[in-house]
Amino acid sequence: MSVTVRVPAKVNVQLAVGAARPDGFHDLANVFLAVGLYDEITVTPADELRVTCDGPDADQVPLDRTNLAARAAEALAGRYGRSPGVHIHIAKDIPVAGGMAGGSADGAGALVACDALWQTGASRDELLDICAELGSDVPFSLVGGAALGIGRGEQLTPLEVGGTFHWVFAMAGRGLSTPAVFREFDRLGEGTDLPEPVASQELLAALAKGDPDALAAAVSNDLQPAALSLFPELAGTLAAGRAAGALTALVSGSGPTTAFLVRDPESAAAVAQALLASGTCRTVRTASGPAPGVTVAAAG
Ligand SMILES: C[C@@](CO)(OP(=O)(O)O)[C@H](O)COP(=O)(O)OP(=O)(O)OC[C@H]1O[C@@H](n2ccc(N)nc2=O)[C@H](O)[C@@H]1O
Ligand SMILES: Nc1ncnc2c1ncn2[C@@H]1O[C@H](COP(=O)(O)OP(=O)(O)O)[C@@H](O)[C@H]1O
């Protein structure tokens, strides 16, 4: 018996960040869009908890108990008083430490897969609670589609999306640590009063209409200056994508992956080719969204 699930990456079309909270997190208005780049997680009964991983970035993925997929299995097993004996295999296609929630995807995927394997009978709300304990982005990886995340990003409201948005993603030569980017955000903003983070009505309307030009005009990422400060070369990647005809260019979440919104798959191919030729990134991928959240691909 084994269970395989597929989990999408995300891009943040709006990331409004408030002041640091006493618990070290930041309040957000985080508009997530799931996109069609997927990790696949397979769980199989085993004597003890074990994680393996393959894919282009597999060497950067921890295989010990710090792996979010292992933590998810342990959290679910702990809640139901059973052994977490399971082999979790991650077929990784989402870039690691890229601001596309790859670790969160694996956490949400392992949780749903173990839940199906162990037939715990957990409700969706219980699974979402465990997701929120694992990380701020993990609940969104479970639900997919598009959603507004408030609080630290874990309190979700699903959003209407009226069409398919086409993207090019440029992967950088190294990763960026999410806590380091938030720390840099705090440093850059020292001494300024930050407004409450709120979702942009223009952006939500653009998503609901499925209008790429309106979305391009409304996207924003408050972490972008911090990511650029820690990784100045990303400015060259953003400029290369804009010059190639992208409707807009932004850093995805805490970066360093950069995201380029385009009108259609043909423009995606052209912008992807120009970005690669510019020599300003390690590799490029095209994907569209919204994509569904965790989906069971095979069980038996
Ligand atoms: C920035 C975002 C945007 O979606 O994603 P990435 O770009 O990393 O994928 C998220 O907020 C990342 O969420 P996630 O990666 O789950 O972060 P967590 O494990 O919850 O937190 C890691 C660390 O990031 C910082 N953090 C995270 C979320 C938040 N609202 N405020 C924070 O200050 C804290 O320093 C925290 O200790
Ligand atoms: N299953 C996992 N896949 C990738 N990274 C993981 C995983 N579990 C834990 N990590 C750790 O989380 C860090 C952030 O990775 P990731 O979630 O891919 O990036 P981001 O938070 O930028 O979206 C990695 O550097 C790695 O040390």
# chains A, B, ... in the order shown; residues from 1 in each chain; ligands from 1
$ residues_near_ligand --ligand "ligand 1" --cutoff "6 Å" --atoms "only C-alpha atoms and all ligand atoms" --output "ChimeraX atom specification"
/A:24-28,99-101,135-138,152-153,178-179,182,253-255
$ residues_near_ligand --ligand "ligand 2" --cutoff "9 Å" --atoms "only C-alpha atoms and all ligand atoms" --output "PyMOL selection string"
chain A and resi 9-10+53+57-58+60-71+90+92+94-107+137+175-179+252-257
$ atom_distance --atom1 "CA of Val51 (chain A)" --atom2 "CA of Ala170 (chain A)"
27.8 Å
$ select_by_dssp --residues "region 5-89 of chain A" --states "helix (DSSP H, G or I)" --output "list in words"
Ala58, Asp59, Gln60, Leu68, Ala69, Ala70, Arg71, Ala72, Ala73, Glu74, Ala75, Leu76, Ala77, Gly78 and Arg79 of chain A
$ closest_residue --among "A:Cys131, A:Ala20, A:Val13, A:Ala146" --to "Ala75 (chain A)" --atoms "only C-alpha atoms"
A:Cys131
$ residues_around --residues "Val5 (chain A)" --least-positions-apart "2" --cutoff "8 Å" --atoms "only C-alpha atoms" --output "list in words"
Val3, Val7, Glu40, Ile41, Thr42, Gly109, Ala110, Val112, Ala113, Val294, Thr295, Val296, Ala297 and Ala298 of chain A
$ select_by_dssp --residues "region 128-295 of chain A" --states "strand (DSSP E or B)" --output "PyMOL selection string"
chain A and resi 144+146-150+155-158+165-171+220-221+248-251+258-262+283-289+292+295
$ write_last_selection --atoms "C-alpha atoms" --output "PDB file, in the first residue's frame"
ATOM      1  CA  GLY A 144      -4.165  25.782  -3.426  1.00  0.00           C
ATOM      2  CA  ALA A 146      -5.841  31.541  -4.784  1.00  0.00           C
ATOM      3  CA  ALA A 147      -6.320  32.831  -1.248  1.00  0.00           C
ATOM      4  CA  LEU A 148      -5.748  35.814   0.993  1.00  0.00           C
ATOM      5  CA  GLY A 149      -3.678  34.896   4.051  1.00  0.00           C
ATOM      6  CA  ILE A 150      -3.801  37.195   7.070  1.00  0.00           C
ATOM      7  CA  GLN A 155      -5.596  32.418   8.185  1.00  0.00           C
ATOM      8  CA  LEU A 156      -6.981  31.861   4.721  1.00  0.00           C
ATOM      9  CA  THR A 157      -9.915  33.155   2.720  1.00  0.00           C
ATOM     10  CA  PRO A 158     -10.285  31.549  -0.724  1.00  0.00           C
ATOM     11  CA  PHE A 165      -2.549  33.603 -15.482  1.00  0.00           C
ATOM     12  CA  HIS A 166       0.667  32.697 -17.305  1.00  0.00           C
ATOM     13  CA  TRP A 167       4.052  33.077 -15.634  1.00  0.00           C
ATOM     14  CA  VAL A 168       7.754  32.634 -16.211  1.00  0.00           C
ATOM     15  CA  PHE A 169       9.938  31.930 -13.176  1.00  0.00           C
ATOM     16  CA  ALA A 170      13.684  32.582 -13.133  1.00  0.00           C
ATOM     17  CA  MET A 171      15.606  30.516 -10.608  1.00  0.00           C
ATOM     18  CA  SER A 220       3.329  44.267  -5.049  1.00  0.00           C
ATOM     19  CA  ASN A 221       5.823  42.669  -2.705  1.00  0.00           C
ATOM     20  CA  THR A 248       5.358  42.859 -14.804  1.00  0.00           C
ATOM     21  CA  ALA A 249       8.289  41.423 -12.890  1.00  0.00           C
ATOM     22  CA  LEU A 250       8.599  40.811  -9.157  1.00  0.00           C
ATOM     23  CA  VAL A 251      10.428  38.765  -6.572  1.00  0.00           C
ATOM     24  CA  THR A 258      11.773  36.107  -9.768  1.00  0.00           C
ATOM     25  CA  ALA A 259       8.309  35.920 -11.343  1.00  0.00           C
ATOM     26  CA  PHE A 260       7.234  37.388 -14.689  1.00  0.00           C
ATOM     27  CA  LEU A 261       3.565  37.726 -15.599  1.00  0.00           C
ATOM     28  CA  VAL A 262       2.882  37.351 -19.328  1.00  0.00           C
ATOM     29  CA  THR A 283      17.340  28.295 -15.066  1.00  0.00           C
ATOM     30  CA  VAL A 284      13.790  29.252 -16.100  1.00  0.00           C
ATOM     31  CA  ARG A 285      10.406  27.549 -15.932  1.00  0.00           C
ATOM     32  CA  THR A 286       6.971  28.443 -17.242  1.00  0.00           C
ATOM     33  CA  ALA A 287       3.789  27.667 -15.301  1.00  0.00           C
ATOM     34  CA  SER A 288       0.235  28.903 -15.026  1.00  0.00           C
ATOM     35  CA  GLY A 289      -2.155  29.383 -12.151  1.00  0.00           C
ATOM     36  CA  PRO A 292      -5.274  22.948  -7.335  1.00  0.00           C
ATOM     37  CA  THR A 295      -4.307  16.165  -4.938  1.00  0.00           C
TER      38      THR A 295
END
$ atom_distance --atom1 "CA of Arg263 (chain A)" --atom2 "CA of Asp211 (chain A)"
9.2 Å
$ closest_residue --among "A:Pro84, A:Pro45, A:Gly151, A:Pro56" --to "Ala16 (chain A)" --atoms "only C-alpha atoms"
A:Gly151
